[in-house]
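Have a look at model18.csv below; it lists CSV, C-alpha atoms and all ligand atoms.
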chain,number,residue,atom,x,y,z
A,648,MET,CA,15.8,1.2,-2.2
A,649,ALA,CA,18.7,1.4,0.3
A,650,ASP,CA,19.7,-1.4,2.5
A,651,LYS,CA,19.5,-1.0,6.3
A,652,PRO,CA,22.4,1.0,7.8
A,653,ASP,CA,24.1,-2.2,9.0
A,654,GLY,CA,24.4,-3.3,5.4
A,655,ALA,CA,22.1,-6.3,5.9
A,656,PRO,CA,19.6,-6.8,3.1
A,657,ARG,CA,16.4,-4.9,3.7
A,658,LYS,CA,13.5,-7.2,4.7
A,659,ILE,CA,10.4,-6.4,2.6
A,660,ALA,CA,8.0,-9.1,3.7
A,661,LEU,CA,7.3,-11.1,6.8
A,662,GLU,CA,6.3,-14.3,5.1
A,663,ALA,CA,7.7,-17.2,3.1
A,664,ARG,CA,6.8,-16.6,-0.5
A,665,THR,CA,6.7,-19.3,-3.2
A,666,VAL,CA,8.7,-18.6,-6.3
A,667,ALA,CA,8.0,-19.8,-9.8
A,668,GLY,CA,10.3,-18.2,-12.3
A,669,GLU,CA,10.2,-14.5,-11.7
A,670,LYS,CA,6.7,-14.8,-10.1
A,671,LEU,CA,6.4,-14.6,-6.4
A,672,TYR,CA,3.3,-15.9,-4.6
A,673,SER,CA,2.3,-14.3,-1.3
A,674,PRO,CA,0.4,-16.4,1.2
A,675,SER,CA,-1.1,-13.3,2.7
A,676,ALA,CA,-2.2,-11.9,-0.6
A,677,ALA,CA,-3.9,-15.3,-1.3
A,678,ARG,CA,-5.8,-14.8,1.9
A,679,ASN,CA,-6.8,-11.2,1.7
A,680,ARG,CA,-6.9,-10.3,-2.0
A,681,ASP,CA,-10.7,-11.0,-2.4
A,682,ALA,CA,-11.6,-8.8,0.6
A,683,ILE,CA,-9.3,-6.0,-0.4
A,684,ARG,CA,-10.5,-6.1,-4.0
A,685,ASP,CA,-14.1,-5.9,-2.9
A,686,VAL,CA,-13.5,-2.8,-0.8
A,687,VAL,CA,-11.5,-1.2,-3.6
A,688,LEU,CA,-14.4,-1.8,-6.0
A,689,GLU,CA,-16.8,-0.3,-3.4
A,690,VAL,CA,-15.0,2.9,-2.3
A,691,MET,CA,-12.6,3.8,-5.1
A,692,PRO,CA,-13.5,5.4,-8.5
A,693,ARG,CA,-14.5,2.7,-11.0
A,694,GLU,CA,-12.8,4.5,-13.8
A,695,GLY,CA,-9.5,6.3,-14.0
A,696,GLN,CA,-5.8,5.9,-13.2
A,697,ILE,CA,-4.7,4.2,-10.0
A,698,LEU,CA,-1.1,4.2,-8.7
A,699,GLU,CA,-0.3,1.2,-6.5
A,700,ILE,CA,2.6,1.8,-4.1
A,701,GLY,CA,4.6,-1.1,-2.6
A,702,GLY,CA,2.9,-3.6,-4.9
A,703,GLY,CA,5.0,-6.5,-3.6
A,704,THR,CA,4.4,-9.7,-5.7
A,705,GLY,CA,2.0,-7.9,-8.0
A,706,GLU,CA,-0.9,-10.2,-7.2
A,707,HIS,CA,-3.2,-7.6,-5.9
A,708,GLY,CA,-2.8,-5.5,-9.0
A,709,VAL,CA,-3.8,-8.4,-11.3
A,710,HIS,CA,-6.7,-9.4,-9.1
A,711,ILE,CA,-8.2,-5.9,-9.0
A,712,ALA,CA,-7.4,-4.9,-12.6
A,713,THR,CA,-9.2,-8.1,-13.7
A,714,ALA,CA,-12.3,-7.1,-11.8
A,715,ALA,CA,-12.2,-3.4,-12.7
A,716,PRO,CA,-11.7,-3.0,-16.5
A,717,GLY,CA,-12.4,0.8,-16.1
A,718,LEU,CA,-9.3,1.3,-14.0
A,719,VAL,CA,-5.8,1.6,-15.4
A,720,TRP,CA,-3.8,0.1,-12.6
A,721,HIS,CA,-0.1,1.1,-12.3
A,722,SER,CA,1.8,-1.2,-10.0
A,723,GLY,CA,5.3,-1.0,-8.8
A,724,ASP,CA,7.8,-1.4,-6.0
A,725,PRO,CA,11.2,-0.1,-5.1
A,726,ASP,CA,12.5,-3.6,-4.5
A,727,PRO,CA,14.0,-5.2,-7.7
A,728,ALA,CA,12.8,-8.8,-7.0
A,729,SER,CA,9.3,-7.5,-6.4
A,730,ARG,CA,9.4,-5.5,-9.6
A,731,ALA,CA,10.5,-8.6,-11.5
A,732,SER,CA,7.5,-10.5,-10.0
A,733,ILE,CA,5.1,-7.6,-10.8
A,734,ALA,CA,6.4,-7.6,-14.4
A,735,ALA,CA,5.9,-11.4,-14.7
A,736,TRP,CA,2.4,-11.2,-13.3
A,737,ILE,CA,1.5,-8.4,-15.7
A,738,LYS,CA,2.9,-10.3,-18.7
A,739,ASP,CA,1.0,-13.4,-17.9
A,740,ALA,CA,-2.2,-11.6,-17.1
A,741,GLY,CA,-2.2,-9.9,-20.5
A,742,LEU,CA,-4.5,-7.2,-19.3
A,743,ALA,CA,-4.6,-3.9,-21.2
A,744,ASN,CA,-5.4,-2.0,-18.1
A,745,LEU,CA,-2.4,-3.2,-16.0
A,746,LYS,CA,0.8,-1.2,-16.3
A,747,GLY,CA,4.2,-1.2,-14.7
A,748,PRO,CA,6.3,-1.8,-12.9
A,749,HIS,CA,7.3,1.6,-11.7
A,750,ALA,CA,10.1,1.9,-9.0
A,751,ILE,CA,8.6,4.6,-6.8
A,752,ASP,CA,10.1,4.8,-3.3
A,753,VAL,CA,7.7,7.0,-1.4
A,754,THR,CA,10.4,8.7,0.5
A,755,ALA,CA,11.7,10.3,-2.6
A,756,GLU,CA,10.9,14.0,-2.9
A,757,ASP,CA,9.9,13.5,-6.5
A,758,TRP,CA,8.2,10.3,-7.6
A,759,GLY,CA,8.7,11.1,-11.3
A,760,VAL,CA,5.0,11.0,-12.1
A,761,GLU,CA,3.9,14.3,-10.7
A,762,ALA,CA,3.3,16.1,-14.0
A,763,GLY,CA,-0.3,17.0,-14.3
A,764,ALA,CA,-1.4,15.4,-11.1
A,765,GLN,CA,-3.1,12.8,-13.2
A,766,PHE,CA,-4.1,10.0,-10.7
A,767,ASP,CA,-7.6,9.3,-9.5
A,768,GLY,CA,-6.3,7.0,-6.7
A,769,VAL,CA,-3.2,6.0,-4.9
A,770,VAL,CA,-3.3,2.7,-3.0
A,771,SER,CA,-0.9,1.0,-0.6
A,772,PHE,CA,-1.5,-2.3,1.0
A,773,ASN,CA,0.5,-3.5,4.0
A,774,MET,CA,3.3,-1.0,3.5
A,775,ILE,CA,3.5,1.8,6.1
A,776,HIS,CA,3.9,-0.5,9.2
A,777,ILE,CA,6.7,-2.5,7.6
A,778,ALA,CA,8.8,0.6,6.8
A,779,PRO,CA,10.2,3.5,8.8
A,780,PHE,CA,7.7,6.3,9.5
A,781,ALA,CA,9.3,8.3,6.7
A,782,ALA,CA,7.4,6.0,4.4
A,783,ALA,CA,4.0,7.2,5.8
A,784,THR,CA,5.2,10.8,5.6
A,785,GLY,CA,6.4,10.3,2.1
A,786,LEU,CA,3.2,8.5,1.0
A,787,PHE,CA,0.9,11.3,2.1
A,788,ALA,CA,3.2,14.0,0.6
A,789,GLY,CA,3.6,12.1,-2.7
A,790,ALA,CA,-0.1,11.2,-2.9
A,791,GLY,CA,-0.8,14.9,-2.4
A,792,ARG,CA,1.4,15.7,-5.4
A,793,VAL,CA,0.2,13.1,-7.8
A,794,LEU,CA,-3.6,12.9,-7.1
A,795,LYS,CA,-6.1,15.0,-8.9
A,796,ARG,CA,-8.3,17.2,-6.6
A,797,GLY,CA,-10.9,14.8,-5.2
A,798,GLY,CA,-8.6,11.8,-5.7
A,799,VAL,CA,-8.4,9.1,-3.1
A,800,LEU,CA,-5.6,7.7,-1.0
A,801,PHE,CA,-6.4,4.1,0.0
A,802,LEU,CA,-4.6,2.2,2.8
A,803,TYR,CA,-4.9,-1.3,4.0
A,804,GLY,CA,-3.3,-2.8,7.0
A,805,PRO,CA,-3.4,-2.9,10.8
A,806,PHE,CA,-3.9,0.4,12.6
A,807,SER,CA,-4.4,1.5,16.2
A,808,ARG,CA,-7.0,4.1,17.1
A,809,ALA,CA,-6.1,7.1,19.3
A,810,GLY,CA,-3.2,5.3,20.9
A,811,VAL,CA,-5.1,2.0,21.6
A,812,HIS,CA,-4.6,-1.3,19.7
A,813,THR,CA,-7.8,-2.7,18.3
A,814,ALA,CA,-6.9,-6.3,19.2
A,815,PRO,CA,-4.3,-8.2,21.3
A,816,SER,CA,-3.1,-9.7,18.1
A,817,ASN,CA,-2.3,-6.3,16.6
A,818,GLU,CA,-0.5,-5.3,19.8
A,819,ALA,CA,1.7,-8.5,19.6
A,820,PHE,CA,2.3,-7.8,15.9
A,821,ASP,CA,3.4,-4.3,16.7
A,822,ALA,CA,5.9,-5.6,19.2
A,823,SER,CA,7.1,-8.2,16.8
A,824,LEU,CA,7.6,-5.5,14.1
A,825,LYS,CA,9.5,-3.3,16.4
A,826,SER,CA,11.7,-6.2,17.5
A,827,ARG,CA,12.7,-6.7,13.9
A,828,ASP,CA,13.3,-3.0,13.2
A,829,PRO,CA,12.6,-0.3,15.8
A,830,ARG,CA,11.5,2.1,13.0
A,831,TRP,CA,8.7,-0.2,12.0
A,832,GLY,CA,5.3,-0.5,13.8
A,833,VAL,CA,1.5,-0.4,13.5
A,834,ARG,CA,0.5,3.2,12.7
A,835,ASP,CA,-2.1,5.1,14.6
A,836,LEU,CA,-5.0,6.6,12.6
A,837,GLU,CA,-5.5,9.6,14.9
A,838,HIS,CA,-2.0,10.3,16.3
A,839,ASP,CA,0.2,9.4,13.3
A,840,LEU,CA,-1.9,9.7,10.1
A,841,ALA,CA,-4.4,12.5,10.9
A,842,PRO,CA,-1.5,15.0,11.1
A,843,LEU,CA,-0.2,13.8,7.8
A,844,ALA,CA,-3.6,14.0,6.2
A,845,GLN,CA,-4.1,17.5,7.5
A,846,LYS,CA,-0.7,18.7,6.4
A,847,ASN,CA,-1.3,17.4,2.9
A,848,ALA,CA,-4.9,18.5,2.5
A,849,PHE,CA,-6.6,15.2,2.8
A,850,VAL,CA,-9.9,14.4,4.6
A,851,ARG,CA,-10.4,11.0,6.0
A,852,GLU,CA,-13.5,9.2,4.7
A,853,ALA,CA,-14.2,5.5,4.8
A,854,ILE,CA,-12.9,3.2,7.5
A,855,VAL,CA,-13.8,-0.4,6.7
A,856,GLU,CA,-13.2,-3.3,9.1
A,857,MET,CA,-11.4,-6.2,7.5
A,858,PRO,CA,-10.6,-9.8,8.5
A,859,ALA,CA,-7.8,-10.4,11.0
A,860,ASN,CA,-8.2,-6.9,12.6
A,861,ASN,CA,-7.1,-5.0,9.6
A,862,LEU,CA,-8.7,-1.8,8.2
A,863,CYS,CA,-9.2,-0.2,4.8
A,864,VAL,CA,-8.9,3.6,5.3
A,865,THR,CA,-9.5,6.2,2.6
A,866,PHE,CA,-8.5,9.9,2.5
A,867,ARG,CA,-9.8,12.3,-0.1
A,868,LYS,CA,-7.6,15.1,-1.5
A,869,GLN,CA,-9.3,18.5,-1.1
B,901,LIG,C1,4.7,-6.4,3.2
B,901,LIG,S1,5.0,-5.9,1.6
B,901,LIG,C2,3.3,-5.7,1.0
B,901,LIG,C3,3.2,-6.1,-0.5
B,901,LIG,C4,1.8,-6.0,-1.1
B,901,LIG,N1,1.3,-4.6,-1.0
B,901,LIG,C5,0.9,-6.9,-0.4
B,901,LIG,O1,0.0,-6.4,0.4
B,901,LIG,O2,1.0,-8.1,-0.6
B,901,LIG,C6,5.5,-4.2,1.7
B,901,LIG,C7,6.0,-3.7,0.4
B,901,LIG,O3,6.3,-2.3,0.5
B,901,LIG,C8,7.5,-2.0,-0.2
B,901,LIG,N2,8.1,-0.7,0.4
B,901,LIG,C9,8.8,-0.7,1.5
B,901,LIG,N3,9.3,0.6,1.7
B,901,LIG,C10,8.8,1.3,0.6
B,901,LIG,C11,9.0,2.6,0.2
B,901,LIG,N4,9.7,3.5,0.9
B,901,LIG,N5,8.3,3.1,-0.9
B,901,LIG,C12,7.6,2.2,-1.6
B,901,LIG,N6,7.4,0.9,-1.3
B,901,LIG,C13,8.0,0.5,-0.2
B,901,LIG,C14,8.3,-3.2,0.0
B,901,LIG,O4,9.3,-3.3,-1.0
B,901,LIG,C15,7.3,-4.3,-0.1
B,901,LIG,O5,7.2,-4.8,-1.4
Would you mind writing the file's structure down as structure tokens?
Amino acid sequence: MADKPDGAPRKIALEARTVAGEKLYSPSAARNRDAIRDVVLEVMPREGQILEIGGGTGEHGVHIATAAPGLVWHSGDPDPASRASIAAWIKDAGLANLKGPHAIDVTAEDWGVEAGAQFDGVVSFNMIHIAPFAAATGLFAGAGRVLKRGGVLFLYGPFSRAGVHTAPSNEAFDASLKSRDPRWGVRDLEHDLAPLAQKNAFVREAIVEMPANNLCVTFRKQ
């Protein structure tokens, strides 16, 4: 993962994480992991191979893989410290259905896992708004390459709808993201993501309202 053009280390999270050895603990994951897990269990396949993109600390992967033994959950992140944390969480969890970490950067033209389009799901939580828009473009393109036909791309985060923020807090968050990096920002389901879905042969399916004005959104590969 490249640093920002000014050479400053690239920021990957907007929170203070606790560190214990290689393991990172995310306060936001502690708050939202139950709600995200429950929607994943509801709307995603209950068996098969799931590729998690931008897995961060690795806590979501452990939480979901524990609850869904029929899923083989492949977590990873392009950031080395996050990968070390994911590896530590995987090791301590001792779950046979938790794999990784991979180092996929969604902006790469080849993720290295395309052979056979073997995934039933691709998930990414809290990633595309804390990255340049090329990450959203790359996520849809790559998910289109690696998912089986009928596979599901699952996103979690804040989204605006047809150019309108869904809450004042999301509007303020969008401004704060852009002040940190003008390439970041809350993405719009209709204006930003619908064209990417169409271009890569996805049809939008579920939209689930989540705490703190976030959404889970799924797209099915045709
Ligand atoms: C805010 S963190 C979210 C982590 C975790 N998904 C969560 O919800 O707790 C965003 C993550 O996306 C990753 N990320 C940023 N750009 C990426 C890219 N181009 N490809 C893949 N992951 C990326 C970062 O390294 C970071 O770990």
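Each of A:Phe772, A:Tyr803, A:Trp720, A:Tyr672 was compared to ligand LIG 901 (chain B) using all atoms listed in the file, and A:Phe772 turns out to be the nearest.
One distance worth recording is that between CA of Val769 (chain A) and CA of Arg664 (chain A), which is 25.1 Å.
Excluding Leu688 (chain A) itself and any same-chain residue fewer than 6 positions from it, the protein and nucleic acid residues within 9 Å of it, counting only C-alpha atoms, are Ile711, Ala714 and Ala715 of chain A.
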Closest atom pairs, residues of chain A within 7 Å of ligand LIG 901 (chain B), all atoms listed in the file, as a Markdown table:
| residue | atom | partner | partner_atom | distance |
| --- | --- | --- | --- | --- |
| A:Ile659 | CA | B:LIG901 | C15 | 4.6 |
| A:Ala660 | CA | B:LIG901 | C1 | 4.3 |
| A:Leu661 | CA | B:LIG901 | C1 | 6.5 |
| A:Ser673 | CA | B:LIG901 | O2 | 6.4 |
| A:Ser675 | CA | B:LIG901 | O2 | 6.5 |
| A:Ala676 | CA | B:LIG901 | O2 | 5.0 |
| A:Ile700 | CA | B:LIG901 | C12 | 5.6 |
| A:Gly701 | CA | B:LIG901 | N6 | 3.7 |
| A:Gly702 | CA | B:LIG901 | N1 | 4.3 |
| A:Gly703 | CA | B:LIG901 | O5 | 3.5 |
| A:Thr704 | CA | B:LIG901 | O2 | 6.3 |
| A:His707 | CA | B:LIG901 | O2 | 6.8 |
| A:Asp724 | CA | B:LIG901 | N6 | 5.2 |
| A:Pro725 | CA | B:LIG901 | N6 | 5.5 |
| A:Asp726 | CA | B:LIG901 | O4 | 4.8 |
| A:Ser729 | CA | B:LIG901 | O5 | 6.1 |
| A:Ile751 | CA | B:LIG901 | C12 | 5.8 |
| A:Asp752 | CA | B:LIG901 | N5 | 3.4 |
| A:Val753 | CA | B:LIG901 | N5 | 4.0 |
| A:Thr754 | CA | B:LIG901 | N4 | 5.3 |
| A:Ser771 | CA | B:LIG901 | N1 | 6.0 |
| A:Phe772 | CA | B:LIG901 | N1 | 4.1 |
| A:Asn773 | CA | B:LIG901 | O1 | 4.6 |
| A:Met774 | CA | B:LIG901 | C6 | 4.3 |
| A:Ile777 | CA | B:LIG901 | C1 | 6.2 |
| A:Ala778 | CA | B:LIG901 | N3 | 5.1 |
| A:Ala782 | CA | B:LIG901 | N4 | 4.9 |
Nearest to Ala859 (chain A): which of A:His710, A:Asn679, A:Ala783, A:Glu699 is it, counting all atoms listed in the file?
-> A:Asn679
Between A:Val833, A:Val793, A:Ala764, A:Leu718, smallest distance to Pro779 (chain A) by only C-alpha atoms belongs to A:Val833
Name all residues at most 12 Å from Gly747 (chain A) (count only C-alpha atoms; drop same-chain ones fewer than 4 positions away) and give them as a VMD selection string.
-> chain A and resid 697 to 700 702 705 708 to 709 719 to 725 729 to 738 742 to 743 751
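Between Asp767 (chain A) and the candidates A:His812, A:Arg796, A:Arg684, A:Arg678, the tightest atom-to-atom separation, counting all atoms listed in the file, involves A:Arg796.
Comparing the minimum interatomic distances between Glu669 (chain A) and each of A:Glu761, A:Asp739, A:Asp685, A:Glu694, counting only C-alpha atoms, we find that A:Asp739 sits nearest.
What separates CA of Ile854 (chain A) from CA of Gly832 (chain A) is a distance of 19.6 Å.
Proximity to Lys868 (chain A) was assessed for A:Leu794, A:Ala853, A:Ala667, A:Ala822 counting only C-alpha atoms; the smallest distance is recorded for A:Leu794.
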Residue neighbourhood Pro805 (chain A), 7 Å, only C-alpha atoms, exclusion window fewer than 5 positions, as an mmCIF file with C-alpha atoms, keeping the file's coordinate frame:
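Produced file out-v2.cif, reproduced below:
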data_model
loop_
_atom_site.group_PDB
_atom_site.id
_atom_site.type_symbol
_atom_site.label_atom_id
_atom_site.label_comp_id
_atom_site.auth_asym_id
_atom_site.auth_seq_id
_atom_site.Cartn_x
_atom_site.Cartn_y
_atom_site.Cartn_z
ATOM 1 C CA ASN A 817 -2.300 -6.300 16.600
ATOM 2 C CA VAL A 833 1.500 -0.400 13.500
ATOM 3 C CA ASN A 860 -8.200 -6.900 12.600
ATOM 4 C CA ASN A 861 -7.100 -5.000 9.600
ATOM 5 C CA LEU A 862 -8.700 -1.800 8.200
#
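CA of Gln869 (chain A) is found 28.9 Å from CA of Arg680 (chain A).
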